[in-house]
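Novice: The following file, final.cif, comprises mmCIF, C-alpha atoms:
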data_final
#
loop_
_atom_site.label_atom_id
_atom_site.label_comp_id
_atom_site.auth_asym_id
_atom_site.auth_seq_id
_atom_site.Cartn_x
_atom_site.Cartn_y
_atom_site.Cartn_z
CA MET A 279 0.18 18.84 13.02
CA TYR A 280 0.60 16.17 10.33
CA ARG A 281 1.04 12.55 11.46
CA PHE A 282 2.11 9.70 9.21
CA ILE A 283 2.73 5.98 9.46
CA GLU A 284 5.06 3.44 7.97
CA THR A 285 3.73 -0.11 8.01
CA ILE A 286 6.76 -2.36 7.84
CA ARG A 287 6.89 -6.13 7.38
CA ILE A 288 9.30 -8.01 9.62
CA GLU A 289 10.10 -11.66 8.89
CA GLU A 290 12.87 -14.01 9.96
CA GLY A 291 14.29 -11.31 12.24
CA ARG A 292 14.78 -8.73 9.50
CA ILE A 293 13.08 -5.61 8.15
CA CYS A 294 11.77 -6.28 4.64
CA HIS A 295 12.66 -3.69 2.00
CA ALA A 296 13.77 -1.08 4.55
CA SER A 297 15.31 1.23 1.94
CA TYR A 298 11.88 1.82 0.33
CA HIS A 299 10.40 2.79 3.70
CA ASP A 300 13.37 5.09 4.33
CA LEU A 301 12.80 6.73 0.95
CA ARG A 302 9.06 7.31 1.45
CA MET A 303 9.46 8.53 5.03
CA ASN A 304 12.16 11.04 4.02
CA GLU A 305 10.22 12.22 0.94
CA THR A 306 7.15 12.77 3.12
CA ARG A 307 9.13 14.71 5.73
CA ARG A 308 10.80 16.92 3.10
CA SER A 309 7.46 17.63 1.45
CA CYS A 310 5.89 18.72 4.76
CA TRP A 311 8.80 20.33 6.62
CA GLY A 312 11.49 21.11 4.05
CA ALA A 313 15.11 20.06 4.53
CA CYS A 314 15.36 17.36 7.20
CA THR A 315 18.00 15.01 8.51
CA GLU A 316 17.70 11.66 6.72
CA TRP A 317 16.01 8.96 8.79
CA ARG A 318 16.28 5.20 8.57
CA VAL A 319 13.59 2.90 9.93
CA SER A 320 16.35 0.70 11.34
CA ASP A 321 17.14 3.53 13.79
CA TRP A 322 13.82 2.79 15.55
CA VAL A 323 12.80 -0.74 14.55
CA ASP A 324 14.34 -3.83 16.13
CA PRO A 325 13.35 -6.86 14.04
CA THR A 326 15.54 -9.46 15.78
CA PRO A 327 12.94 -10.98 18.16
CA PHE A 328 10.40 -11.64 15.37
CA ARG A 329 10.57 -14.84 13.29
CA GLU A 330 6.97 -14.93 12.03
CA ARG A 331 5.52 -12.23 9.77
CA THR A 332 5.01 -9.21 12.03
CA ARG A 333 3.53 -5.79 11.32
CA CYS A 334 5.58 -2.92 12.64
CA ARG A 335 3.71 0.38 12.78
CA LEU A 336 5.95 3.43 13.04
CA VAL A 337 4.02 6.66 13.74
CA TYR A 338 5.78 9.96 13.12
CA GLY A 339 5.41 13.68 12.62
CA LYS A 340 8.42 15.93 12.98
CA GLU A 341 9.68 13.24 15.37
CA VAL A 342 8.99 9.52 15.75
CA GLU A 343 6.08 9.20 18.17
CA LYS A 344 5.52 5.47 18.51
CA VAL A 345 6.71 2.08 17.28
CA GLU A 346 4.36 -0.91 17.67
CA TYR A 347 4.81 -4.57 16.80
CA LEU A 348 1.67 -6.57 16.00
CA PRO A 349 1.09 -10.15 14.81
CA TYR A 350 -0.02 -10.17 11.20
CA VAL A 351 -2.79 -12.23 9.64
CA PRO A 352 -3.65 -11.30 6.02
CA ARG A 353 -7.23 -10.16 5.51
CA ARG A 354 -9.19 -12.68 3.42
CA ILE A 355 -10.50 -10.91 0.32
CA THR A 356 -12.71 -12.66 -2.20
CA ARG A 357 -14.83 -9.78 -3.59
CA LEU A 358 -14.30 -6.09 -4.31
CA ARG A 359 -16.87 -3.34 -4.82
CA LEU A 360 -16.13 -0.39 -7.12
CA THR A 361 -16.48 2.81 -5.08
CA ASP A 362 -16.23 6.48 -6.02
CA GLY A 363 -13.24 8.03 -4.26
CA GLU A 364 -13.39 11.46 -5.88
CA GLY A 365 -11.89 14.07 -3.56
CA VAL A 366 -9.97 11.59 -1.39
CA ASP A 367 -6.34 12.61 -0.86
CA TYR A 368 -4.01 9.89 0.38
CA ARG A 369 -0.80 10.79 -1.47
CA PHE A 370 1.06 10.45 1.84
CA LYS A 371 0.54 7.55 4.25
CA TYR A 372 -1.41 9.60 6.76
CA ALA A 373 -2.10 8.24 10.25
CA ASP A 374 -5.65 9.60 9.82
CA ARG A 375 -7.39 7.03 7.63
CA SER A 376 -10.92 8.37 8.14
CA ALA A 377 -11.47 9.08 4.41
CA LEU A 378 -10.40 5.53 3.50
CA ASP A 379 -12.48 4.09 6.34
CA ALA A 380 -15.54 5.94 5.01
CA LEU A 381 -14.97 4.37 1.57
CA PHE A 382 -14.42 0.93 3.13
CA ALA A 383 -17.80 1.30 4.88
CA GLN A 384 -19.40 1.35 1.39
CA ARG A 385 -18.27 -2.20 0.59
CA GLY A 386 -21.68 -3.80 1.25
CA GLU A 387 -21.31 -7.60 1.05
CA ALA A 388 -17.84 -7.33 -0.54
CA ASP A 389 -14.63 -7.69 1.48
CA ASP A 390 -13.08 -4.39 0.37
CA VAL A 391 -13.54 -1.54 -2.09
CA LEU A 392 -11.72 -0.83 -5.33
CA ILE A 393 -11.54 2.96 -5.43
CA VAL A 394 -12.26 4.86 -8.66
CA ARG A 395 -11.36 8.50 -9.37
CA LYS A 396 -12.21 10.27 -12.63
CA GLY A 397 -13.28 6.93 -14.11
CA LEU A 398 -9.88 5.32 -13.42
CA LEU A 399 -9.00 2.51 -11.01
CA THR A 400 -6.70 3.45 -8.12
CA ASP A 401 -6.29 1.23 -5.02
CA THR A 402 -8.28 -0.71 -2.44
CA SER A 403 -8.60 0.64 1.10
CA ILE A 404 -5.49 -1.29 2.16
CA ALA A 405 -3.49 -2.13 -0.95
CA ASN A 406 -2.23 -1.10 -4.33
CA VAL A 407 -3.46 -3.25 -7.21
CA ALA A 408 -2.21 -4.70 -10.48
CA LEU A 409 -4.34 -6.27 -13.19
CA TRP A 410 -3.30 -9.15 -15.48
CA ASN A 411 -4.28 -8.97 -19.15
CA GLY A 412 -2.89 -12.38 -20.06
CA LYS A 413 0.56 -11.00 -20.91
CA GLU A 414 1.58 -8.50 -18.23
CA TRP A 415 0.57 -6.89 -14.95
CA HIS A 416 -0.62 -3.27 -15.12
CA THR A 417 -0.84 -1.06 -12.05
CA PRO A 418 -2.88 2.16 -12.08
CA ALA A 419 -0.71 5.10 -13.14
CA ARG A 420 -2.53 7.38 -10.67
CA PRO A 421 -2.80 5.47 -7.39
CA LEU A 422 -4.06 6.99 -4.17
CA LEU A 423 -0.73 6.05 -2.58
CA ASN A 424 2.55 5.23 -4.28
CA GLY A 425 3.24 2.32 -1.94
CA THR A 426 6.70 1.02 -1.13
CA CYS A 427 5.96 -2.38 -2.65
CA ARG A 428 4.50 -0.73 -5.77
CA ARG A 429 7.66 1.34 -6.21
CA ARG A 430 9.87 -1.73 -5.83
CA LEU A 431 7.83 -3.88 -8.26
CA LEU A 432 7.91 -1.09 -10.86
CA GLU A 433 11.70 -0.81 -10.52
CA GLU A 434 12.04 -4.59 -10.87
CA GLY A 435 9.85 -4.61 -14.00
CA VAL A 436 7.26 -6.95 -12.48
CA ILE A 437 4.45 -4.44 -13.09
CA ARG A 438 3.92 -1.55 -15.53
CA GLU A 439 2.04 1.71 -14.95
CA LYS A 440 -1.03 2.32 -17.07
CA ASP A 441 -4.28 4.27 -16.77
CA ILE A 442 -6.98 1.64 -16.28
CA PRO A 443 -10.48 2.99 -16.98
CA VAL A 444 -13.34 1.12 -15.29
CA ALA A 445 -14.86 0.77 -18.76
CA ARG A 446 -11.86 -1.40 -19.82
CA LEU A 447 -11.94 -3.73 -16.82
CA GLY A 448 -13.21 -6.50 -19.15
CA GLU A 449 -9.77 -6.58 -20.83
CA TYR A 450 -8.25 -8.02 -17.65
CA ARG A 451 -8.45 -11.52 -16.17
CA LYS A 452 -7.00 -11.17 -12.67
CA ILE A 453 -6.40 -8.53 -10.03
CA CYS A 454 -3.58 -8.74 -7.48
CA LEU A 455 -3.70 -6.79 -4.21
CA PHE A 456 -0.30 -5.97 -2.75
CA ASN A 457 1.30 -3.87 -0.05
CA ALA A 458 4.32 -3.96 2.23
CA MET A 459 2.77 -6.72 4.35
CA LEU A 460 1.77 -9.06 1.54
CA HIS A 461 3.99 -11.18 -0.65
CA TRP A 462 3.58 -10.58 -4.39
CA GLU A 463 0.66 -12.66 -5.77
CA GLU A 464 -0.42 -13.71 -2.27
CA THR A 465 -3.88 -12.17 -2.87
CA VAL A 466 -5.06 -12.67 -6.45
CA LEU A 467 -8.70 -12.68 -7.56
CA ASP A 468 -10.46 -13.21 -10.87
CA CYS A 469 -11.74 -9.90 -12.21
CA THR A 470 -15.24 -11.40 -12.04
CA ALA A 471 -14.93 -10.82 -8.25
CA ILE A 472 -15.18 -7.05 -8.86
CA GLU A 473 -18.74 -5.71 -8.64
#
Show how you would write the structure in this file as structure tokens.

Specialist:
Amino acid sequence: MYRFIETIRIEEGRICHASYHDLRMNETRRSCWGACTEWRVSDWVDPTPFRERTRCRLVYGKEVEKVEYLPYVPRRITRLRLTDGEGVDYRFKYADRSALDALFAQRGEADDVLIVRKGLLTDTSIANVALWNGKEWHTPARPLLNGTCRRRLLEEGVIREKDIPVARLGEYRKICLFNAMLHWEETVLDCTAIE
């Protein structure tokens, strides 16, 4: 049986960007099980007791299996290692992260990996990415996961999709890691931090 997760940021007693989590969860369910009743994360998640940034982990298959609330401390990332992720499928936010964990284990002295497929940049093991060329932020057009934050930033025009070949990494100055738990531009590195 398939199992999936939604990782949801709670702050100031509210669910952040709930509609994007609803959308992804329902798209995932339809893709795996066909027509389904629409779900809303707010049916299972109670944000009211949490003032500080909190990670809510909702695990589901055909039904919601578990909801957990965990304190959140952003991972400190200062270096990324390019890693071959050919054959890795993470188009849905699977509960089984073993393929991503295996890639993460290849980071060496770096803090995380920047995954490459078919010569193109995709994501890190925990975040989507965008690269700054001095004028605009580009996000890989073929990510491993179309994250909720990525979808929102594209709709808002903050980032633009573009194929980013590893060979053209030198055209970019900065890389921003982002996901549902991180604020935009909270984790930004110089591209020289990519090895």

Novice: Using the chain letters and numbering of this document, enumerate as a list in words the residues selected by the PyMOL selection byres ((chain A and resi 324) around 10).

Specialist: Ile288, Gly291, Arg292, Ile293, Val319, Ser320, Asp321, Trp322, Val323, Pro325, Thr326, Pro327, Phe328, Cys334, Val345 and Tyr347 of chain A

Novice: Give the answer as one residue: which of A:Cys314, A:Leu360, A:Asp401, A:Ile286 has the shortest atom-to-atom distance to Glu346 in chain A, using only C-alpha atoms?

Specialist: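 Once distances to Glu346 in chain A are computed over only C-alpha atoms, the minimum belongs to A:Ile286.
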
Novice: Give me, as a tab-separated table, each residue of range 301-360 of chain A that comes within 12 Å of range 424-435 of chain A, together with its shortest interatomic pair and the distance in Å at one decimal, counting only C-alpha atoms, with rows ordered by chain and rising residue number.

Specialist:
residue	atom	partner	partner_atom	distance
A:Leu301	CA	A:Thr426	CA	8.6
A:Arg302	CA	A:Thr426	CA	7.2
A:Met303	CA	A:Thr426	CA	10.1
A:Glu305	CA	A:Asn424	CA	11.6
A:Thr306	CA	A:Asn424	CA	11.5

Novice: Which protein, DNA or RNA residues are at most 9 Å from (-6.6, 0.1, 0.3) in the file's coordinates when you count all atoms listed in the file, listed as a ChimeraX atom specification?

Specialist: /A:378,382,390-393,401-407,422-423,455,457

Novice: Considering only C-alpha atoms, can you say which of A:Thr417, A:Thr285, A:Ser309, A:Thr465 comes closest to Arg369 in chain A?

Specialist: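 Smallest separation from Arg369 in chain A among the options: A:Ser309.
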
Novice: Calculate, to one decimal in Å, the centre and edge lengths of the box along x, y and z of the file that holds all listed atoms of range 397-411 of chain A with 3 Å of margin on each side, and present them as JSON.

Specialist:
{"center_x": -7.7, "center_y": -1.1, "center_z": -8.5, "size_x": 17.1, "size_y": 22.1, "size_z": 27.3}

Novice: Can you tell me, as a PyMOL selection string, what residues are no more than 10 Å from range 357-359 of chain A when counting all atoms listed in the file, ignoring any on the same chain fewer than 2 positions away?

Specialist: chain A and resi 354-355+361-362+382+384-393+402+467-473
